[in-house]
$ cat run.pdb   # PDB, C-alpha atoms and all ligand atoms
ATOM      1  CA  MET A  88      -7.214 -15.778  -5.749  1.00  0.00           C
ATOM      2  CA  ALA A  89      -8.216 -13.647  -2.797  1.00  0.00           C
ATOM      3  CA  GLY A  90      -7.277 -14.343   0.765  1.00  0.00           C
ATOM      4  CA  PRO A  91      -4.302 -13.906   2.995  1.00  0.00           C
ATOM      5  CA  SER A  92      -1.768 -16.635   3.119  1.00  0.00           C
ATOM      6  CA  GLY A  93       1.711 -17.323   4.312  1.00  0.00           C
ATOM      7  CA  THR A  94       2.331 -19.436   1.256  1.00  0.00           C
ATOM      8  CA  GLY A  95       0.939 -19.809  -2.215  1.00  0.00           C
ATOM      9  CA  ARG A  96       0.862 -17.811  -5.386  1.00  0.00           C
ATOM     10  CA  TYR A  97      -1.504 -15.181  -6.682  1.00  0.00           C
ATOM     11  CA  HIS A  98      -2.174 -14.554 -10.338  1.00  0.00           C
ATOM     12  CA  ARG A  99      -3.559 -11.290 -11.622  1.00  0.00           C
ATOM     13  CA  ALA A 100      -3.057 -10.278 -15.241  1.00  0.00           C
ATOM     14  CA  THR A 101       0.645 -10.731 -15.894  1.00  0.00           C
ATOM     15  CA  MET A 102       1.634 -10.349 -12.274  1.00  0.00           C
ATOM     16  CA  ILE A 103       2.594 -13.504 -10.400  1.00  0.00           C
ATOM     17  CA  VAL A 104       3.650 -13.095  -6.812  1.00  0.00           C
ATOM     18  CA  ASP A 105       5.259 -15.631  -4.547  1.00  0.00           C
ATOM     19  CA  VAL A 106       4.380 -14.537  -1.026  1.00  0.00           C
ATOM     20  CA  ALA A 107       7.706 -15.850   0.231  1.00  0.00           C
ATOM     21  CA  ASP A 108       9.422 -13.409  -2.142  1.00  0.00           C
ATOM     22  CA  CYS A 109       7.064 -10.495  -1.544  1.00  0.00           C
ATOM     23  CA  LEU A 110       8.900  -7.282  -0.690  1.00  0.00           C
ATOM     24  CA  PHE A 111       6.077  -5.822   1.410  1.00  0.00           C
ATOM     25  CA  CYS A 112       5.486  -9.107   3.263  1.00  0.00           C
ATOM     26  CA  GLY A 113       9.192  -8.856   4.098  1.00  0.00           C
ATOM     27  CA  ILE A 114       8.714  -5.325   5.437  1.00  0.00           C
ATOM     28  CA  ALA A 115       5.618  -6.416   7.409  1.00  0.00           C
ATOM     29  CA  ALA A 116       7.651  -9.252   8.936  1.00  0.00           C
ATOM     30  CA  GLY A 117      10.473  -6.865   9.877  1.00  0.00           C
ATOM     31  CA  GLN A 118      12.886  -8.748   7.630  1.00  0.00           C
ATOM     32  CA  ILE A 119      13.365  -5.806   5.275  1.00  0.00           C
ATOM     33  CA  PRO A 120      14.037  -2.400   6.839  1.00  0.00           C
ATOM     34  CA  ALA A 121      11.630   0.478   6.330  1.00  0.00           C
ATOM     35  CA  THR A 122      10.894   3.779   8.044  1.00  0.00           C
ATOM     36  CA  ILE A 123       7.684   2.989   9.887  1.00  0.00           C
ATOM     37  CA  VAL A 124       5.129   5.772  10.297  1.00  0.00           C
ATOM     38  CA  LEU A 125       2.218   3.871  11.868  1.00  0.00           C
ATOM     39  CA  ASP A 126       2.345   0.358  13.227  1.00  0.00           C
ATOM     40  CA  GLY A 127      -1.144  -1.155  13.355  1.00  0.00           C
ATOM     41  CA  LYS A 128      -2.425  -4.587  14.234  1.00  0.00           C
ATOM     42  CA  ARG A 129      -3.577  -5.373  10.699  1.00  0.00           C
ATOM     43  CA  THR A 130      -2.004  -2.504   8.748  1.00  0.00           C
ATOM     44  CA  LEU A 131       1.439  -0.942   8.519  1.00  0.00           C
ATOM     45  CA  ALA A 132       2.512   2.444   7.148  1.00  0.00           C
ATOM     46  CA  PHE A 133       6.062   3.244   6.061  1.00  0.00           C
ATOM     47  CA  ARG A 134       7.816   5.848   3.926  1.00  0.00           C
ATOM     48  CA  ASP A 135       8.162   5.235   0.206  1.00  0.00           C
ATOM     49  CA  ILE A 136      11.815   4.677  -0.710  1.00  0.00           C
ATOM     50  CA  ASN A 137      11.409   6.996  -3.730  1.00  0.00           C
ATOM     51  CA  PRO A 138       9.136   9.796  -2.501  1.00  0.00           C
ATOM     52  CA  GLN A 139       7.138  11.751  -5.072  1.00  0.00           C
ATOM     53  CA  ALA A 140       5.950  14.422  -2.631  1.00  0.00           C
ATOM     54  CA  PRO A 141       7.052  15.808   0.770  1.00  0.00           C
ATOM     55  CA  THR A 142       4.728  13.227   2.320  1.00  0.00           C
ATOM     56  CA  HIS A 143       4.783   9.885   0.526  1.00  0.00           C
ATOM     57  CA  VAL A 144       3.788   7.013   2.761  1.00  0.00           C
ATOM     58  CA  LEU A 145       2.659   3.520   1.791  1.00  0.00           C
ATOM     59  CA  VAL A 146      -0.059   1.801   3.811  1.00  0.00           C
ATOM     60  CA  ILE A 147      -0.244  -1.983   3.516  1.00  0.00           C
ATOM     61  CA  SER A 148      -2.234  -4.799   5.043  1.00  0.00           C
ATOM     62  CA  ARG A 149      -0.022  -7.079   7.096  1.00  0.00           C
ATOM     63  CA  ASP A 150      -1.603 -10.056   5.350  1.00  0.00           C
ATOM     64  CA  HIS A 151      -0.830 -10.525   1.703  1.00  0.00           C
ATOM     65  CA  TYR A 152      -3.450  -9.457  -0.826  1.00  0.00           C
ATOM     66  CA  PRO A 153      -2.246  -8.813  -4.356  1.00  0.00           C
ATOM     67  CA  ASP A 154      -4.205  -5.606  -4.877  1.00  0.00           C
ATOM     68  CA  VAL A 155      -7.090  -3.493  -3.640  1.00  0.00           C
ATOM     69  CA  ALA A 156      -9.634  -5.545  -5.614  1.00  0.00           C
ATOM     70  CA  ALA A 157      -8.614  -8.700  -3.770  1.00  0.00           C
ATOM     71  CA  LEU A 158      -8.736  -6.830  -0.480  1.00  0.00           C
ATOM     72  CA  ALA A 159     -12.243  -5.574  -1.278  1.00  0.00           C
ATOM     73  CA  GLU A 160     -13.310  -9.132  -2.123  1.00  0.00           C
ATOM     74  CA  ALA A 161     -12.122 -10.341   1.267  1.00  0.00           C
ATOM     75  CA  GLY A 162     -14.717  -8.020   2.813  1.00  0.00           C
ATOM     76  CA  ASP A 163     -13.826  -8.325   6.469  1.00  0.00           C
ATOM     77  CA  GLY A 164     -13.403  -4.631   7.163  1.00  0.00           C
ATOM     78  CA  LEU A 165      -9.695  -4.626   6.389  1.00  0.00           C
ATOM     79  CA  LEU A 166     -10.098  -2.254   3.439  1.00  0.00           C
ATOM     80  CA  ASP A 167     -11.939   0.190   5.718  1.00  0.00           C
ATOM     81  CA  GLU A 168      -9.142  -0.172   8.216  1.00  0.00           C
ATOM     82  CA  LEU A 169      -6.474   0.434   5.592  1.00  0.00           C
ATOM     83  CA  VAL A 170      -8.164   3.612   4.369  1.00  0.00           C
ATOM     84  CA  GLY A 171      -8.612   4.667   8.006  1.00  0.00           C
ATOM     85  CA  SER A 172      -4.876   4.163   8.464  1.00  0.00           C
ATOM     86  CA  ALA A 173      -4.262   6.358   5.406  1.00  0.00           C
ATOM     87  CA  ARG A 174      -6.311   9.105   7.060  1.00  0.00           C
ATOM     88  CA  ALA A 175      -4.356   8.648  10.291  1.00  0.00           C
ATOM     89  CA  VAL A 176      -1.104   8.950   8.338  1.00  0.00           C
ATOM     90  CA  ALA A 177      -2.326  12.199   6.757  1.00  0.00           C
ATOM     91  CA  ALA A 178      -3.149  13.548  10.217  1.00  0.00           C
ATOM     92  CA  ALA A 179       0.207  12.440  11.654  1.00  0.00           C
ATOM     93  CA  GLU A 180       2.033  14.010   8.703  1.00  0.00           C
ATOM     94  CA  GLY A 181       0.144  17.297   9.143  1.00  0.00           C
ATOM     95  CA  VAL A 182      -1.484  17.274   5.705  1.00  0.00           C
ATOM     96  CA  GLU A 183      -5.054  16.486   6.689  1.00  0.00           C
ATOM     97  CA  ASP A 184      -6.182  20.116   6.417  1.00  0.00           C
ATOM     98  CA  SER A 185      -4.105  21.051   3.369  1.00  0.00           C
ATOM     99  CA  GLY A 186      -5.277  17.938   1.531  1.00  0.00           C
ATOM    100  CA  TYR A 187      -3.692  14.794   0.254  1.00  0.00           C
ATOM    101  CA  ARG A 188      -4.138  12.029  -2.283  1.00  0.00           C
ATOM    102  CA  VAL A 189      -4.731   8.334  -1.637  1.00  0.00           C
ATOM    103  CA  VAL A 190      -3.851   6.143  -4.620  1.00  0.00           C
ATOM    104  CA  PHE A 191      -4.173   2.404  -5.203  1.00  0.00           C
ATOM    105  CA  ASN A 192      -2.302   1.660  -8.397  1.00  0.00           C
ATOM    106  CA  THR A 193      -3.862  -1.576  -9.639  1.00  0.00           C
ATOM    107  CA  GLY A 194      -2.503  -3.897 -12.301  1.00  0.00           C
ATOM    108  CA  ALA A 195      -0.163  -3.187 -15.179  1.00  0.00           C
ATOM    109  CA  ASP A 196      -1.953  -0.194 -16.720  1.00  0.00           C
ATOM    110  CA  GLY A 197      -2.560   1.183 -13.235  1.00  0.00           C
ATOM    111  CA  GLY A 198       1.203   1.336 -12.758  1.00  0.00           C
ATOM    112  CA  GLN A 199       1.334  -1.230  -9.951  1.00  0.00           C
ATOM    113  CA  THR A 200       4.874  -2.537  -9.530  1.00  0.00           C
ATOM    114  CA  VAL A 201       4.655  -4.274  -6.155  1.00  0.00           C
ATOM    115  CA  GLY A 202       2.066  -7.052  -5.968  1.00  0.00           C
ATOM    116  CA  HIS A 203       1.002  -6.519  -2.369  1.00  0.00           C
ATOM    117  CA  VAL A 204      -1.860  -4.098  -1.806  1.00  0.00           C
ATOM    118  CA  HIS A 205      -0.698  -0.631  -0.786  1.00  0.00           C
ATOM    119  CA  ALA A 206      -2.246   2.793  -0.609  1.00  0.00           C
ATOM    120  CA  HIS A 207       0.033   5.683  -1.493  1.00  0.00           C
ATOM    121  CA  VAL A 208      -0.610   8.679   0.772  1.00  0.00           C
ATOM    122  CA  LEU A 209       0.781  11.746  -0.982  1.00  0.00           C
ATOM    123  CA  GLY A 210       0.722  15.287   0.315  1.00  0.00           C
ATOM    124  CA  GLY A 211       2.649  18.402   1.223  1.00  0.00           C
ATOM    125  CA  ARG A 212       2.352  19.952  -2.226  1.00  0.00           C
ATOM    126  CA  PRO A 213      -0.485  20.642  -4.661  1.00  0.00           C
ATOM    127  CA  MET A 214      -1.218  17.570  -6.775  1.00  0.00           C
ATOM    128  CA  THR A 215      -1.869  17.853 -10.489  1.00  0.00           C
ATOM    129  CA  TRP A 216      -4.604  16.195 -12.535  1.00  0.00           C
ATOM    130  CA  PRO A 217      -4.716  14.128 -14.636  1.00  0.00           C
ATOM    131  CA  PRO A 218      -1.984  11.900 -13.280  1.00  0.00           C
ATOM    132  CA  GLY A 219       0.651  10.665 -15.719  1.00  0.00           C
TER     133      GLY A 219
HETATM  134  P1  LIG B 301       3.378   0.864  -7.067  1.00  0.00           P
HETATM  135  O1  LIG B 301       4.259   1.222  -8.242  1.00  0.00           O
HETATM  136  O2  LIG B 301       3.225  -0.637  -6.983  1.00  0.00           O
HETATM  137  O3  LIG B 301       2.083   1.577  -7.008  1.00  0.00           O
HETATM  138  O4  LIG B 301       4.141   1.352  -5.776  1.00  0.00           O
HETATM  139  C1  LIG B 301       5.237   0.696  -5.256  1.00  0.00           C
HETATM  140  C2  LIG B 301       6.002   1.693  -4.455  1.00  0.00           C
HETATM  141  O5  LIG B 301       6.915   0.994  -3.624  1.00  0.00           O
HETATM  142  C3  LIG B 301       6.838   2.672  -5.297  1.00  0.00           C
HETATM  143  O6  LIG B 301       6.410   4.003  -5.043  1.00  0.00           O
HETATM  144  C4  LIG B 301       8.267   2.420  -4.832  1.00  0.00           C
HETATM  145  O7  LIG B 301       9.026   3.594  -4.737  1.00  0.00           O
HETATM  146  C5  LIG B 301       8.072   1.754  -3.481  1.00  0.00           C
HETATM  147  N1  LIG B 301       9.130   0.832  -3.116  1.00  0.00           N
HETATM  148  C6  LIG B 301       9.727  -0.082  -3.926  1.00  0.00           C
HETATM  149  N2  LIG B 301      10.645  -0.786  -3.235  1.00  0.00           N
HETATM  150  C7  LIG B 301      10.618  -0.293  -1.959  1.00  0.00           C
HETATM  151  C8  LIG B 301      11.347  -0.623  -0.779  1.00  0.00           C
HETATM  152  O8  LIG B 301      12.197  -1.513  -0.746  1.00  0.00           O
HETATM  153  N3  LIG B 301      11.049   0.095   0.350  1.00  0.00           N
HETATM  154  C9  LIG B 301      10.116   1.084   0.341  1.00  0.00           C
HETATM  155  N4  LIG B 301       9.912   1.726   1.509  1.00  0.00           N
HETATM  156  N5  LIG B 301       9.409   1.408  -0.746  1.00  0.00           N
HETATM  157  C10 LIG B 301       9.650   0.729  -1.894  1.00  0.00           C
HETATM  158 ZN    ZN B 302       3.005  -9.616   0.309  1.00  0.00          ZN
END

$ encode --input "run.pdb" --output "structure tokens" --more "lines below"
Ligand code: 5GP
Ligand code: ZN
Amino acid sequence: MAGPSGTGRYHRATMIVDVADCLFCGIAAGQIPATIVLDGKRTLAFRDINPQAPTHVLVISRDHYPDVAALAEAGDGLLDELVGSARAVAAAEGVEDSGYRVVFNTGADGGQTVGHVHAHVLGGRPMTWPPG
């Protein structure tokens, strides 16, 4: 299941993703427009289309992994890099000192709606707990 690929399908719970139809692969390829915040070699950060906080940026791996568990399984330092990119986004957005939240929604009950790993970086307002 794990592993980047330009083709193929990934199955996780009820989520089936065709990489060719993957929204975030499309953004990574520049085929679907997005407001880019940080453009890395292996990661990409862009603004969420439906922001839930003054700062709401999504950080993705350029290669397709269905979720953070698959990215962790790959184990080649890319997860570290993605979280490092999230920190860099927080710094660039000016929320590093005030604080921010990094969220990986995972699977159906986790509220994941796009089957390409992404970290939400949320900040610019106090966050509540527990999340909904
Ligand atoms: P999830 O629900 O999988 O954790 O997060 C998916 C996120 O992608 C949502 O916050 C949603 O607003 C965002 N999103 C969905 N479609 C697009 C899009 O076309 N462009 C951008 N920039 N964000 C999107
Ligand atoms: Zn993808």

$ closest_atom_pairs --input "run.pdb" --of "chain A" --to "ligand ZN 302 (chain B)" --cutoff "6 Å" --atoms "all atoms listed in the file" --output "CSV"
residue,atom,partner,partner_atom,distance
A:Val106,CA,B:ZN302,ZN,5.3
A:Cys109,CA,B:ZN302,ZN,4.5
A:Phe111,CA,B:ZN302,ZN,5.0
A:Cys112,CA,B:ZN302,ZN,3.9
A:His151,CA,B:ZN302,ZN,4.2
A:His203,CA,B:ZN302,ZN,4.6

$ closest_residue --input "run.pdb" --among "A:Val201, A:Ala140, A:Ile114, A:Val176" --to "ligand LIG 301 (chain B)" --atoms "all atoms listed in the file"
A:Val201

$ residues_around --input "run.pdb" --residues "region 123-129 of chain A" --least-positions-apart "4" --cutoff "10 Å" --atoms "all atoms listed in the file" --output "MDAnalysis selection string"
chainID A and resid 114:115 133:135 144:150 165 168:169 172:173 175:176 179:180

$ residues_near_ligand --input "run.pdb" --ligand "ligand LIG 301 (chain B)" --cutoff "9 Å" --atoms "only C-alpha atoms and all ligand atoms" --output "ChimeraX atom specification"
/A:110-111,114,119-123,133-139,143-145,190-194,197-207

$ atom_distance --input "run.pdb" --atom1 "CA of Leu166 (chain A)" --atom2 "CA of Gly219 (chain A)"
25.5 Å

$ atom_distance --input "run.pdb" --atom1 "CA of Asp184 (chain A)" --atom2 "CA of Asp167 (chain A)"
20.8 Å

$ closest_residue --input "run.pdb" --among "A:Pro141, A:Gly171, A:Gly162, A:Gly113" --to "Gly210 (chain A)" --atoms "all atoms listed in the file"
A:Pro141

$ resolve_selection --input "run.pdb" --expression "the PyMOL selection byres (((chain A and resi 182) around 10) and not hetatm)" --output "list in words"
Pro141, Thr142, Arg174, Val176, Ala177, Ala178, Ala179, Glu180, Gly181, Glu183, Asp184, Ser185, Gly186, Tyr187, Arg188, Val208, Leu209, Gly210, Gly211 and Arg212 of chain A

$ write_last_selection --input "run.pdb" --atoms "C-alpha atoms" --output "short mmCIF file (atom, residue, chain, number, x, y, z; two decimals), in the frame of the given file"
data_model
loop_
_atom_site.label_atom_id
_atom_site.label_comp_id
_atom_site.auth_asym_id
_atom_site.auth_seq_id
_atom_site.Cartn_x
_atom_site.Cartn_y
_atom_site.Cartn_z
CA PRO A 141 7.05 15.81 0.77
CA THR A 142 4.73 13.23 2.32
CA ARG A 174 -6.31 9.10 7.06
CA VAL A 176 -1.10 8.95 8.34
CA ALA A 177 -2.33 12.20 6.76
CA ALA A 178 -3.15 13.55 10.22
CA ALA A 179 0.21 12.44 11.65
CA GLU A 180 2.03 14.01 8.70
CA GLY A 181 0.14 17.30 9.14
CA GLU A 183 -5.05 16.49 6.69
CA ASP A 184 -6.18 20.12 6.42
CA SER A 185 -4.11 21.05 3.37
CA GLY A 186 -5.28 17.94 1.53
CA TYR A 187 -3.69 14.79 0.25
CA ARG A 188 -4.14 12.03 -2.28
CA VAL A 208 -0.61 8.68 0.77
CA LEU A 209 0.78 11.75 -0.98
CA GLY A 210 0.72 15.29 0.32
CA GLY A 211 2.65 18.40 1.22
CA ARG A 212 2.35 19.95 -2.23
#

$ atom_distance --input "run.pdb" --atom1 "CA of Val170 (chain A)" --atom2 "CA of Thr130 (chain A)"
9.7 Å

$ axis_aligned_box --input "run.pdb" --around "region 191-209 of chain A" --padding-each-side "6 Å" --output "lines of an AutoDock Vina configuration file"
center_x = 0.4
center_y = 2.3
center_z = -8.0
size_x = 21.0
size_y = 30.8
size_z = 29.5
